[in-house]
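> Sharing run19.cif here; it has mmCIF, C-alpha atoms and all ligand atoms.
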```cif
data_target
#
loop_
_atom_site.label_atom_id
_atom_site.label_comp_id
_atom_site.auth_asym_id
_atom_site.auth_seq_id
_atom_site.Cartn_x
_atom_site.Cartn_y
_atom_site.Cartn_z
CA MET A 1 24.77 25.20 -11.42
CA PRO A 2 24.53 21.44 -11.78
CA TYR A 3 21.19 19.77 -11.20
CA GLN A 4 20.95 17.98 -7.84
CA PHE A 5 20.19 14.26 -7.75
CA THR A 6 19.60 12.18 -4.62
CA VAL A 7 18.53 8.67 -3.70
CA SER A 8 16.19 7.56 -0.92
CA PRO A 9 18.51 6.77 2.04
CA ASP A 10 17.12 3.22 2.22
CA PHE A 11 19.13 2.15 -0.86
CA SER A 12 20.95 -1.12 -0.40
CA PRO A 13 24.65 -0.48 0.41
CA ASP A 14 25.58 -2.94 -2.37
CA HIS A 15 24.20 -0.47 -4.88
CA LEU A 16 25.90 2.69 -3.66
CA SER A 17 28.49 2.62 -6.45
CA GLY A 18 25.70 1.70 -8.89
CA TRP A 19 24.00 5.03 -8.26
CA TYR A 20 27.24 6.91 -9.05
CA ILE A 21 27.65 4.86 -12.24
CA PHE A 22 24.02 5.63 -13.13
CA ASN A 23 24.60 9.34 -12.58
CA THR A 24 27.66 9.31 -14.85
CA TRP A 25 25.62 7.52 -17.53
CA LEU A 26 22.76 10.02 -17.16
CA GLN A 27 25.08 13.03 -17.49
CA LYS A 28 26.64 11.58 -20.66
CA GLN A 29 23.27 10.81 -22.20
CA THR A 30 21.69 14.17 -21.40
CA GLY A 31 24.76 16.39 -21.68
CA GLN A 32 23.68 17.98 -18.37
CA SER A 33 25.78 18.38 -15.31
CA ILE A 34 24.14 16.50 -12.44
CA HIS A 35 25.53 16.21 -8.93
CA LEU A 36 24.65 13.12 -6.89
CA GLU A 37 24.28 13.83 -3.20
CA MET A 38 23.62 10.90 -0.87
CA TYR A 39 21.98 11.82 2.45
CA SER A 40 22.45 9.61 5.45
CA SER A 41 18.95 10.14 6.82
CA PHE A 42 15.43 10.77 5.57
CA GLN A 43 15.36 13.85 7.78
CA SER A 44 18.38 15.50 6.15
CA GLN A 45 17.11 14.54 2.69
CA ARG A 46 13.70 16.09 3.39
CA GLU A 47 15.38 19.28 4.56
CA ALA A 48 17.30 19.46 1.26
CA ILE A 49 14.02 18.96 -0.64
CA LYS A 50 12.37 21.74 1.40
CA ARG A 51 15.28 24.09 0.60
CA GLY A 52 14.78 23.37 -3.11
CA ASN A 53 18.12 21.55 -3.34
CA VAL A 54 16.80 18.47 -5.13
CA ASP A 55 15.92 18.27 -8.83
CA LEU A 56 15.93 14.51 -9.35
CA ILE A 57 15.20 11.87 -6.72
CA TYR A 58 14.80 8.14 -6.46
CA ALA A 59 12.10 8.55 -3.87
CA ASN A 60 10.63 6.43 -1.13
CA PRO A 61 6.84 6.07 -1.67
CA PHE A 62 6.30 7.68 1.72
CA ASP A 63 7.78 10.95 0.43
CA ALA A 64 5.96 10.86 -2.92
CA ALA A 65 2.93 12.79 -1.63
CA MET A 66 5.07 15.64 -0.35
CA LEU A 67 7.18 15.70 -3.54
CA VAL A 68 4.19 15.77 -5.91
CA ARG A 69 1.64 17.75 -3.93
CA GLU A 70 3.88 20.28 -2.19
CA LYS A 71 6.99 20.47 -4.33
CA GLY A 72 5.65 19.99 -7.86
CA PHE A 73 7.67 16.86 -8.67
CA LEU A 74 6.55 14.55 -11.50
CA PRO A 75 7.13 10.82 -11.88
CA LEU A 76 9.56 9.46 -14.45
CA VAL A 77 10.10 5.72 -14.01
CA LYS A 78 10.10 2.81 -11.58
CA ALA A 79 12.19 -0.36 -11.54
CA VAL A 80 10.46 -3.19 -13.41
CA GLY A 81 9.28 -6.03 -11.19
CA VAL A 82 10.31 -4.39 -7.92
CA SER A 83 7.81 -3.39 -5.26
CA ASP A 84 8.22 -2.51 -1.62
CA GLU A 85 6.88 -5.26 0.61
CA ALA A 86 7.22 -5.72 4.36
CA ILE A 87 7.77 -8.77 6.53
CA ILE A 88 6.93 -9.32 10.19
CA ALA A 89 9.35 -11.82 11.72
CA VAL A 90 10.05 -13.21 15.17
CA ASN A 91 12.73 -15.42 16.66
CA ALA A 92 12.23 -19.01 15.48
CA ASP A 93 11.89 -20.06 19.13
CA SER A 94 9.07 -17.60 19.76
CA LEU A 95 5.79 -19.16 20.86
CA VAL A 96 3.91 -16.71 18.67
CA ASP A 97 2.76 -18.14 15.33
CA ASP A 98 0.19 -15.52 14.42
CA VAL A 99 0.42 -11.73 14.60
CA ALA A 100 -3.02 -11.74 16.25
CA ASN A 101 -1.45 -13.33 19.35
CA LEU A 102 1.05 -10.53 19.99
CA MET A 103 0.37 -8.58 23.18
CA PRO A 104 0.57 -4.90 24.16
CA GLY A 105 4.08 -4.03 25.30
CA THR A 106 5.64 -5.96 22.41
CA LYS A 107 9.09 -4.65 21.52
CA VAL A 108 9.15 -3.91 17.78
CA ALA A 109 12.43 -3.45 15.91
CA VAL A 110 12.33 -1.20 12.84
CA THR A 111 14.62 0.89 10.67
CA GLU A 112 14.02 4.48 9.54
CA ASP A 113 12.50 3.30 6.20
CA PRO A 114 9.20 5.13 6.36
CA ASP A 115 7.15 3.05 3.94
CA VAL A 116 8.23 -0.33 5.31
CA ARG A 117 7.61 0.83 8.84
CA MET A 118 4.10 1.98 7.91
CA MET A 119 3.26 -1.29 6.12
CA GLY A 120 4.70 -3.26 9.03
CA MET A 121 2.69 -1.37 11.63
CA ILE A 122 -0.47 -2.03 9.59
CA MET A 123 0.33 -5.73 9.71
CA LEU A 124 0.43 -5.49 13.52
CA GLU A 125 -3.06 -3.95 13.68
CA PRO A 126 -4.85 -7.32 13.73
CA ALA A 127 -3.39 -7.66 17.25
CA ASP A 128 -4.63 -4.15 18.14
CA LEU A 129 -1.03 -3.01 18.33
CA ASP A 130 0.06 0.47 17.32
CA ALA A 131 2.72 3.01 18.25
CA SER A 132 0.91 3.81 21.51
CA ASN A 133 1.04 0.32 23.03
CA THR A 134 4.28 -1.07 21.58
CA ASP A 135 7.86 -0.28 22.32
CA ILE A 136 9.48 0.73 19.01
CA VAL A 137 13.25 0.38 18.75
CA VAL A 138 14.92 1.93 15.71
CA TYR A 139 18.07 0.34 14.23
CA ASP A 140 20.31 1.55 11.41
CA THR A 141 20.06 -1.59 9.28
CA TYR A 142 17.95 -4.71 8.80
CA VAL A 143 20.92 -6.86 9.76
CA LEU A 144 20.82 -5.18 13.15
CA VAL A 145 17.07 -5.78 13.38
CA ALA A 146 17.75 -9.48 12.73
CA LYS A 147 20.63 -9.64 15.25
CA ASN A 148 18.53 -8.10 17.98
CA LEU A 149 15.73 -10.56 17.28
CA LEU A 150 18.20 -13.44 17.54
CA GLN A 151 19.60 -12.08 20.79
CA GLY A 152 16.12 -11.73 22.23
CA ASN A 153 16.44 -7.96 22.74
CA VAL A 154 13.23 -7.37 20.78
CA ASP A 155 10.11 -9.48 20.15
CA VAL A 156 9.22 -8.60 16.56
CA GLY A 157 11.11 -7.22 13.56
CA ILE A 158 9.68 -5.24 10.66
CA PHE A 159 11.75 -5.85 7.52
CA LEU A 160 11.80 -4.74 3.93
CA ALA A 161 11.04 -8.12 2.32
CA GLU A 162 13.98 -7.81 -0.06
CA ALA A 163 16.36 -7.11 2.82
CA TYR A 164 14.98 -10.07 4.75
CA ASP A 165 15.43 -12.36 1.77
CA ASP A 166 19.05 -11.18 1.48
CA LEU A 167 19.89 -12.19 5.08
CA SER A 168 22.21 -15.20 5.35
CA HIS A 169 20.68 -18.67 5.50
CA ILE A 170 21.97 -19.15 9.01
CA ILE A 171 20.24 -16.02 10.27
CA LYS A 172 17.01 -16.81 8.44
CA SER A 173 16.98 -20.34 9.86
CA LYS A 174 16.78 -18.79 13.33
CA LEU A 175 13.89 -16.49 12.43
CA LYS A 176 10.22 -17.12 11.67
CA VAL A 177 8.14 -15.06 9.24
CA LEU A 178 4.64 -14.32 10.55
CA VAL A 179 3.40 -12.22 7.62
CA ARG A 180 4.75 -11.10 4.27
CA SER A 181 2.83 -8.28 2.60
CA GLN A 182 1.51 -8.74 -0.94
CA ILE A 183 0.61 -5.20 -1.85
CA SER A 184 2.53 -4.91 -5.14
CA VAL A 185 1.53 -1.32 -5.94
CA ILE A 186 3.83 0.52 -3.54
CA ASN A 187 7.22 1.20 -5.06
CA HIS A 188 10.12 3.63 -5.19
CA SER A 189 10.18 5.87 -8.24
CA LEU A 190 12.50 8.26 -9.93
CA MET A 191 10.96 11.74 -9.90
CA ILE A 192 11.90 15.04 -11.47
CA GLY A 193 11.54 18.49 -9.90
CA PRO A 194 10.26 21.76 -11.38
CA LYS A 195 13.68 23.22 -12.33
CA PHE A 196 14.53 20.14 -14.36
CA ALA A 197 11.01 19.41 -15.66
CA ASP A 198 11.59 20.67 -19.19
CA LYS A 199 13.87 17.64 -19.67
CA ARG A 200 11.25 15.20 -18.42
CA ASP A 201 10.23 13.62 -21.74
CA GLU A 202 13.82 13.33 -22.91
CA ILE A 203 15.02 11.68 -19.70
CA GLN A 204 12.00 9.40 -19.52
CA GLY A 205 12.68 8.26 -23.08
CA LEU A 206 16.34 7.56 -22.31
CA LEU A 207 15.48 5.59 -19.20
CA VAL A 208 12.79 3.33 -20.62
CA SER A 209 15.06 2.29 -23.49
CA MET A 210 18.09 1.92 -21.26
CA ASP A 211 17.92 -1.88 -21.19
CA GLN A 212 18.19 -2.05 -24.97
CA ASP A 213 21.95 -1.61 -25.21
CA ASP A 214 24.80 -3.33 -23.42
CA LYS A 215 26.13 -0.21 -21.77
CA GLY A 216 22.73 0.70 -20.32
CA LYS A 217 22.13 -2.90 -19.29
CA GLY A 218 25.41 -2.94 -17.35
CA VAL A 219 24.46 0.24 -15.52
CA LEU A 220 21.05 -1.18 -14.62
CA LYS A 221 22.73 -4.31 -13.34
CA SER A 222 24.84 -2.25 -10.96
CA LEU A 223 21.58 -0.82 -9.57
CA GLY A 224 20.08 -4.29 -9.21
CA PHE A 225 17.27 -3.72 -11.75
CA GLU A 226 16.54 -5.18 -15.16
CA ALA A 227 14.81 -2.19 -16.70
CA TRP A 228 12.89 0.99 -15.98
CA ALA A 229 9.18 1.31 -16.72
CA LYS A 230 7.40 4.59 -17.31
CA VAL A 231 5.21 5.82 -14.46
CA GLU A 232 2.10 7.68 -15.61
CA ASP A 233 0.94 10.69 -13.60
CA GLU A 234 -2.27 8.86 -12.65
CA GLU A 235 -0.35 5.82 -11.43
CA MET A 236 1.64 8.08 -9.11
CA GLU A 237 -1.50 9.89 -7.94
CA PHE A 238 -3.10 6.55 -7.18
CA MET A 239 -0.11 5.34 -5.18
CA ILE A 240 -0.19 8.58 -3.19
CA ASP A 241 -3.91 8.11 -2.50
CA LEU A 242 -3.22 4.55 -1.39
CA MET A 243 -0.44 5.70 0.94
CA ASP A 244 -2.90 8.30 2.30
CA THR A 245 -5.40 5.59 3.23
CA LEU A 246 -2.67 3.68 5.02
CA ALA A 247 -1.44 6.68 6.97
CA ILE A 248 -4.59 6.72 9.12
CA MET B 1 -25.23 -4.31 -13.09
CA ILE B 2 -26.45 -5.94 -9.93
CA HIS B 3 -28.59 -9.08 -9.89
CA ASP B 4 -30.52 -11.04 -7.29
CA MET B 5 -28.35 -13.71 -5.70
CA LYS B 6 -28.92 -17.22 -6.97
CA PRO B 7 -29.22 -20.32 -4.75
CA GLY B 8 -26.93 -22.15 -7.17
CA ASP B 9 -24.06 -19.78 -6.31
CA VAL B 10 -24.49 -20.17 -2.56
CA VAL B 11 -22.53 -22.61 -0.43
CA GLY B 12 -24.23 -23.95 2.72
CA ASP B 13 -27.51 -23.24 4.49
CA TYR B 14 -28.73 -19.74 3.82
CA LYS B 15 -31.25 -17.13 4.86
CA GLU B 16 -32.99 -14.88 2.39
CA THR B 17 -33.89 -11.21 2.55
CA ILE B 18 -34.49 -8.24 0.26
CA LEU B 19 -32.25 -5.18 0.44
CA ASP B 20 -33.46 -1.78 -0.71
CA LEU B 21 -30.43 -0.18 -2.27
CA TYR B 22 -29.72 3.33 -3.47
CA GLY B 23 -31.33 4.31 -6.75
CA GLY B 24 -34.51 2.31 -6.18
CA ILE B 25 -32.78 -1.05 -6.65
CA SER B 26 -34.07 -3.93 -4.59
CA ARG B 27 -31.97 -7.06 -4.41
CA VAL B 28 -32.64 -10.55 -3.11
CA VAL B 29 -29.64 -11.58 -1.03
CA LEU B 30 -28.88 -15.05 0.28
CA TYR B 31 -26.49 -15.22 3.22
CA THR B 32 -24.85 -17.88 5.32
CA ASP B 33 -22.91 -18.06 8.58
CA ILE B 34 -19.66 -18.96 6.84
CA GLU B 35 -16.84 -16.51 7.42
CA THR B 36 -13.83 -16.25 5.12
CA PRO B 37 -10.85 -14.98 7.12
CA TYR B 38 -9.13 -11.85 5.86
CA PRO B 39 -5.96 -12.84 3.99
CA ASP B 40 -2.80 -11.85 5.92
CA GLY B 41 -0.58 -9.19 4.36
CA LYS B 42 -3.00 -8.19 1.62
CA LEU B 43 -4.88 -4.99 0.90
CA ILE B 44 -8.27 -5.16 -0.80
CA VAL B 45 -8.61 -2.16 -3.09
CA SER B 46 -11.44 -0.76 -5.19
CA THR B 47 -12.32 2.52 -6.84
CA THR B 48 -15.76 3.83 -7.70
CA ASP B 49 -17.04 6.75 -9.71
CA LYS B 50 -18.87 9.51 -7.90
CA ASP B 51 -22.08 7.44 -7.91
CA GLY B 52 -20.50 4.45 -6.20
CA ILE B 53 -20.21 2.36 -9.38
CA ILE B 54 -17.10 0.15 -9.31
CA THR B 55 -14.43 1.18 -11.84
CA HIS B 56 -11.37 -0.71 -10.53
CA VAL B 57 -10.71 -3.71 -8.30
CA ASN B 58 -7.44 -5.43 -7.39
CA LYS B 59 -6.83 -9.15 -7.34
CA ALA B 60 -7.42 -9.52 -3.59
CA PHE B 61 -10.82 -7.85 -4.04
CA VAL B 62 -11.81 -10.33 -6.73
CA GLU B 63 -10.62 -13.30 -4.66
CA MET B 64 -12.39 -12.26 -1.48
CA SER B 65 -15.68 -11.21 -3.07
CA GLY B 66 -16.07 -14.43 -5.03
CA TYR B 67 -17.18 -12.51 -8.12
CA THR B 68 -15.23 -12.25 -11.36
CA GLU B 69 -13.71 -8.91 -12.28
CA ASP B 70 -16.25 -8.58 -15.10
CA GLU B 71 -19.14 -9.06 -12.70
CA LEU B 72 -17.74 -6.36 -10.41
CA LEU B 73 -16.84 -3.63 -12.91
CA ASP B 74 -19.77 -1.28 -13.60
CA ALA B 75 -21.74 -2.77 -10.68
CA PRO B 76 -22.82 -0.58 -7.73
CA HIS B 77 -20.51 -1.12 -4.75
CA SER B 78 -23.58 -2.25 -2.79
CA ILE B 79 -23.05 -5.60 -4.56
CA LEU B 80 -21.16 -6.41 -1.32
CA ARG B 81 -23.81 -5.02 1.01
CA HIS B 82 -24.53 -7.45 3.82
CA PRO B 83 -27.95 -7.35 5.55
CA ASP B 84 -26.22 -7.24 8.97
CA MET B 85 -24.66 -3.86 8.13
CA PRO B 86 -26.64 -0.87 9.44
CA SER B 87 -27.41 1.65 6.71
CA VAL B 88 -26.33 4.51 9.00
CA ALA B 89 -22.75 3.29 8.54
CA PHE B 90 -22.95 3.86 4.79
CA LYS B 91 -24.75 7.17 5.24
CA ASP B 92 -21.83 8.25 7.41
CA LEU B 93 -19.40 6.95 4.77
CA TRP B 94 -21.01 8.95 1.97
CA ASP B 95 -21.51 12.11 4.09
CA THR B 96 -17.84 11.96 5.07
CA VAL B 97 -16.33 11.44 1.63
CA ASN B 98 -18.74 13.92 0.04
CA ALA B 99 -17.35 16.46 2.50
CA GLY B 100 -13.90 15.68 1.08
CA LYS B 101 -12.79 13.77 4.18
CA HIS B 102 -11.45 10.28 4.90
CA TRP B 103 -13.83 7.69 6.30
CA GLN B 104 -12.71 4.70 8.31
CA GLY B 105 -14.82 1.89 9.67
CA TYR B 106 -15.37 -1.84 10.07
CA VAL B 107 -17.51 -3.46 7.41
CA LYS B 108 -19.05 -6.91 7.07
CA ASN B 109 -19.14 -7.74 3.39
CA LEU B 110 -21.25 -10.29 1.52
CA ARG B 111 -19.63 -12.74 -0.87
CA LYS B 112 -21.15 -14.15 -4.03
CA ASP B 113 -21.33 -17.55 -2.28
CA GLY B 114 -23.41 -16.08 0.56
CA GLY B 115 -20.51 -16.08 3.04
CA PHE B 116 -19.04 -12.98 4.63
CA TYR B 117 -15.74 -11.31 5.54
CA TRP B 118 -14.92 -8.45 7.89
CA VAL B 119 -12.60 -5.63 6.85
CA LYS B 120 -11.21 -2.42 8.27
CA ALA B 121 -11.95 -0.01 5.43
CA THR B 122 -10.64 3.46 4.65
CA VAL B 123 -12.46 5.41 1.94
CA ILE B 124 -11.03 8.59 0.45
CA PRO B 125 -12.00 10.96 -2.34
CA ASN B 126 -9.52 10.95 -5.25
CA ILE B 127 -8.80 14.61 -5.92
CA ARG B 128 -7.33 15.57 -9.29
CA GLN B 129 -6.73 19.21 -10.30
CA GLY B 130 -8.64 20.24 -7.22
CA LYS B 131 -11.77 18.24 -8.07
CA VAL B 132 -13.15 14.98 -6.66
CA VAL B 133 -13.09 12.56 -9.59
CA SER B 134 -13.66 9.21 -7.85
CA TYR B 135 -13.46 7.37 -4.54
CA THR B 136 -11.04 4.68 -3.43
CA SER B 137 -11.36 2.21 -0.61
CA VAL B 138 -8.43 0.29 0.84
CA ARG B 139 -9.22 -2.50 3.31
CA ARG B 140 -6.92 -4.20 5.75
CA LYS B 141 -7.19 -7.00 8.24
CA PRO B 142 -9.25 -5.95 11.28
CA SER B 143 -8.48 -7.02 14.83
CA ARG B 144 -10.80 -9.67 16.24
CA ALA B 145 -11.55 -7.48 19.26
CA LYS B 146 -12.78 -4.65 16.99
CA VAL B 147 -14.90 -7.06 14.95
CA GLU B 148 -16.49 -8.41 18.12
CA GLU B 149 -17.35 -4.87 19.24
CA CYS B 150 -19.04 -4.27 15.89
CA MET B 151 -20.93 -7.55 16.14
CA LYS B 152 -22.45 -6.21 19.36
CA LEU B 153 -22.98 -2.64 18.18
CA TYR B 154 -24.33 -3.02 14.64
CA PRO B 155 -27.52 -4.95 15.50
CA THR B 156 -28.51 -2.03 17.76
CA LEU B 157 -28.26 0.35 14.78
CA LEU B 158 -30.35 -1.68 12.36
C1 LIG C 301 -14.98 3.57 -2.62
C2 LIG C 301 -16.18 2.94 -1.96
C3 LIG C 301 -16.09 1.64 -1.46
C4 LIG C 301 -17.19 1.02 -0.87
N1 LIG C 301 -17.03 -0.25 -0.39
C5 LIG C 301 -18.11 -0.88 0.14
C6 LIG C 301 -17.99 -2.24 0.58
O1 LIG C 301 -16.92 -2.84 0.55
N2 LIG C 301 -19.11 -2.83 1.07
C7 LIG C 301 -20.31 -2.21 1.14
O2 LIG C 301 -21.29 -2.82 1.57
N3 LIG C 301 -20.44 -0.91 0.74
C8 LIG C 301 -19.37 -0.25 0.25
N4 LIG C 301 -19.49 1.06 -0.16
C9 LIG C 301 -20.79 1.72 0.06
C10 LIG C 301 -21.76 1.41 -1.05
O3 LIG C 301 -21.58 2.35 -2.09
C11 LIG C 301 -23.23 1.52 -0.56
O4 LIG C 301 -23.46 2.81 -0.06
C12 LIG C 301 -23.56 0.50 0.55
O5 LIG C 301 -23.27 -0.80 0.13
C13 LIG C 301 -25.01 0.56 0.98
O6 LIG C 301 -25.86 0.46 -0.13
P1 LIG C 301 -26.88 1.64 -0.48
O7 LIG C 301 -26.12 2.92 -0.44
O8 LIG C 301 -27.37 1.30 -1.85
O9 LIG C 301 -27.95 1.59 0.56
C14 LIG C 301 -18.41 1.71 -0.76
C15 LIG C 301 -18.50 3.02 -1.24
C16 LIG C 301 -17.39 3.63 -1.82
C17 LIG C 301 -17.50 5.04 -2.32
#
```
Output the file's structure in the form of structure tokens.
Ligand SMILES: Cc1cc2nc3c(=O)[nH]c(=O)nc-3n(C[C@H](O)[C@H](O)[C@H](O)COP(=O)(O)O)c2cc1C

Amino acid sequence: MPYQFTVSPDFSPDHLSGWYIFNTWLQKQTGQSIHLEMYSSFQSQREAIKRGNVDLIYANPFDAAMLVREKGFLPLVKAVGVSDEAIIAVNADSLVDDVANLMPGTKVAVTEDPDVRMMGMIMLEPADLDASNTDIVVYDTYVLVAKNLLQGNVDVGIFLAEAYDDLSHIIKSKLKVLVRSQISVINHSLMIGPKFADKRDEIQGLLVSMDQDDKGKGVLKSLGFEAWAKVEDEEMEFMIDLMDTLAI
Amino acid sequence: MIHDMKPGDVVGDYKETILDLYGGISRVVLYTDIETPYPDGKLIVSTTDKDGIITHVNKAFVEMSGYTEDELLDAPHSILRHPDMPSVAFKDLWDTVNAGKHWQGYVKNLRKDGGFYWVKATVIPNIRQGKVVSYTSVRRKPSRAKVEECMKLYPTLL
């Protein structure tokens, strides 16, 4: 039976092939057979985790608590210099210049990304807005969030900062950023499950030195990272605790 | 370590009072009416040991408190205690986290320069291998309406 690998469904579409290239590299380096399964939703991915069908995952921070505390996963690495940050944006023509001036009944556009959505909702709290007094509209992509802001179908968009920055100049020129988070300790991480855990040290070693040869560097480039950095157990525990404080 | 506040560190007209803190510490605090607004998009994070002694602070914590990281580490967390905060709030905080639960509340904190800042704080016990090893607090920007409610309520609890 091959080991089962999956990636948080919020991966950028540009890097889809990168994850397959990475999996091929990993199988060669470890001599293990690893199957990469991409799920189209967080829901279907979580069901696979619950069934025990995941041994290796590039996980959204939102799912880290469940993976570590309920499923016995352990952290391996995170991408160097990458953290999950959220942006609150409005149409450039909007009269609102400060989140604090948003009113109950505001239509908020989000995607399914659970960590970005949580950070974004926290950035709406200064206006006393929450899920109970806003109208939350879920879109498949951040481009759709932007389009609906431009068309005036929604009042506010919650974006992954990286996805916002990647929008075209024309789109960005018609939007206005109200807040950009600067949290810097919430990030995706590659995690290993109990069935695969005996290979943890070996895989961790391979990953942290991956940027030291041309082949590895090329694979990292296709993922959009420069290098992997080791994640200590305590660092992961601390991130989970932090996410816990934000969940209430 | 925690020291009396010094007039030389304080910016603007101040009032003076003495706080009786946990562990028999009394501290002279100097406080002004100058509010520093909570920085948008940031979280202010600190961790204490089980006695409330600071063991970790993030950059936003250092910036907002006005102290250096060195001054904060190993100091009791009451280094931020503002005289306008009712002690029942902190009793509730400690009772809650000691029971292994999450505490959430609005806190007015005292800066080294005598000014203040309001936060919405969440404090949780850090549990490792089934045991409480430390406490972490994460603060976010509070709504003005909630702060105004607290400004009315807290004086009645003093
Ligand atoms: C993790 C953690 C964070 C805390 N943060 C603050 C804070 O920001 N401001 C504050 O006045 N007290 C804070 N406290 C409470 C203090 O430990 C202390 O109880 C309070 O300042 C009142 O002082 P006293 O207990 O000496 O009377 C915190 C406690 C913990 C465990």
> Taking all atoms listed in the file into account, find every residue of chain A that has an atom no more than 9 Å from chain B, and write it out as a ChimeraX atom specification.
/A:86-87,100,119,122-123,125-128,179-183,237-238,241-242,244-246,248
> Just give me the residues with any atom within 6 Å of (12.9, 5.0, -10.1), file coordinates, counting all atoms listed in the file, written as a compact mmCIF listing (two decimals) with C-alpha atoms, keeping the file's coordinate frame.

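The resulting selection.txt:
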```txt
# COMPACT_ATOMS: atom_id res chain seq x y z
CA TYR A 58 14.80 8.14 -6.46
CA VAL A 77 10.10 5.72 -14.01
CA LYS A 78 10.10 2.81 -11.58
CA ALA A 79 12.19 -0.36 -11.54
CA HIS A 188 10.12 3.63 -5.19
CA SER A 189 10.18 5.87 -8.24
CA LEU A 190 12.50 8.26 -9.93
```
> When you look at B:Asp70 with a cut-off of 12 Å (counting only C-alpha atoms), what residues show up, excluding the ones that are within fewer than 3 positions of it in the same chain? I need them as a PyMOL selection string.
chain B and resi 1-2+54-57+62+66-67+73-75
> Neighbours of ligand LIG 301 (chain C) within 6 Å, counting only C-alpha atoms and all ligand atoms, as number ranges by chain?
B: 21-22, 47-48, 52, 77-78, 80-81, 90, 109, 123, 135-137
> Given only C-alpha atoms as the basis, pick out the residue of A:Ala59, A:Met1, A:Ala161, A:Leu74 nearest to A:Gln32.
A:Met1
> Can you pull out every residue within 6 Å of B:Thr32, counting all atoms listed in the file, but drop anything in the same chain fewer than 4 positions away, and send it as a ChimeraX atom specification?
/B:14,114-115
> Could you check which residues have any atom within 12 Å of (-26.1, -16.4, 2.7), counting only C-alpha atoms with coordinates taken straight from the file, and then list them as a compact mmCIF listing (two decimals) with C-alpha atoms, in the frame of the given file?

```txt
# COMPACT_ATOMS: atom_id res chain seq x y z
CA MET B 5 -28.35 -13.71 -5.70
CA LYS B 6 -28.92 -17.22 -6.97
CA PRO B 7 -29.22 -20.32 -4.75
CA GLY B 8 -26.93 -22.15 -7.17
CA ASP B 9 -24.06 -19.78 -6.31
CA VAL B 10 -24.49 -20.17 -2.56
CA VAL B 11 -22.53 -22.61 -0.43
CA GLY B 12 -24.23 -23.95 2.72
CA ASP B 13 -27.51 -23.24 4.49
CA TYR B 14 -28.73 -19.74 3.82
CA LYS B 15 -31.25 -17.13 4.86
CA GLU B 16 -32.99 -14.88 2.39
CA THR B 17 -33.89 -11.21 2.55
CA ILE B 18 -34.49 -8.24 0.26
CA VAL B 28 -32.64 -10.55 -3.11
CA VAL B 29 -29.64 -11.58 -1.03
CA LEU B 30 -28.88 -15.05 0.28
CA TYR B 31 -26.49 -15.22 3.22
CA THR B 32 -24.85 -17.88 5.32
CA ASP B 33 -22.91 -18.06 8.58
CA ILE B 34 -19.66 -18.96 6.84
CA GLU B 35 -16.84 -16.51 7.42
CA LEU B 80 -21.16 -6.41 -1.32
CA ARG B 81 -23.81 -5.02 1.01
CA HIS B 82 -24.53 -7.45 3.82
CA PRO B 83 -27.95 -7.35 5.55
CA ASP B 84 -26.22 -7.24 8.97
CA ASN B 109 -19.14 -7.74 3.39
CA LEU B 110 -21.25 -10.29 1.52
CA ARG B 111 -19.63 -12.74 -0.87
CA LYS B 112 -21.15 -14.15 -4.03
CA ASP B 113 -21.33 -17.55 -2.28
CA GLY B 114 -23.41 -16.08 0.56
CA GLY B 115 -20.51 -16.08 3.04
CA PHE B 116 -19.04 -12.98 4.63
CA TYR B 117 -15.74 -11.31 5.54
```
> Might I get the box with edges along x, y and z of the file that holds all atoms of stretch 104-123 of chain B listed there, padded by 8 Å on every side, given as centre and edge lengths in Å to one decimal, as JSON?

```
{"center_x": -17.0, "center_y": -6.1, "center_z": 3.0, "size_x": 28.8, "size_y": 39.0, "size_z": 30.1}
```
> Atom CA of B:Lys59 and atom CA of B:Leu72 are how many Å apart?
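Computing it gives 11.7 Å between the two atoms.
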> If you measure from atom CA of A:Gln45 to atom CA of A:Ala64, what distance in Å do you get, rounded to one decimal?
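Distance reported for this atom pair: 13.0 Å.
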> So that I can check the surroundings of A:Gly31, please list as a short mmCIF file (atom, residue, chain, number, x, y, z; two decimals) with C-alpha atoms, keeping the file's coordinate frame every protein, DNA and RNA residue that reaches within 12 Å of it, counting all atoms listed in the file and ignoring chain neighbours fewer than 4 positions away.

```cif
data_model
loop_
_atom_site.label_atom_id
_atom_site.label_comp_id
_atom_site.auth_asym_id
_atom_site.auth_seq_id
_atom_site.Cartn_x
_atom_site.Cartn_y
_atom_site.Cartn_z
CA PRO A 2 24.53 21.44 -11.78
CA TYR A 3 21.19 19.77 -11.20
CA ASN A 23 24.60 9.34 -12.58
CA THR A 24 27.66 9.31 -14.85
CA TRP A 25 25.62 7.52 -17.53
CA LEU A 26 22.76 10.02 -17.16
CA GLN A 27 25.08 13.03 -17.49
CA LYS A 199 13.87 17.64 -19.67
CA GLU A 202 13.82 13.33 -22.91
CA ILE A 203 15.02 11.68 -19.70
#
```
> Between atom CA of A:Ser209 and atom CA of A:Ala229, what is the distance in Å, rounded to a tenth?
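Interatomic distance, atom CA of A:Ser209 to atom CA of A:Ala229: 9.0 Å.
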> In terms of the shortest atom-to-atom distance over all atoms listed in the file, which of A:Thr141, A:Ile192, A:Gly105, A:Asn148 is closest to A:Ile49?
A:Ile192
> If you count all atoms listed in the file, which residues fall within 12 Å of A:Ala48, apart from same-chain ones fewer than 6 positions away, as a list in words?
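So, after excluding close chain neighbours, the residues are Gln4, Phe5, Thr6, Val7, Glu37, Met38, Tyr39, Ser40, Ser41, Phe42, Val54, Asp55, Leu56, Ile57, Leu67 and Lys71 of chain A.
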> Name the closest residue to A:Phe196 among the candidates A:Ser173, A:Ser33, A:Ser168, A:Gln43; distances are taken between atoms, counting all atoms listed in the file.
A:Ser33
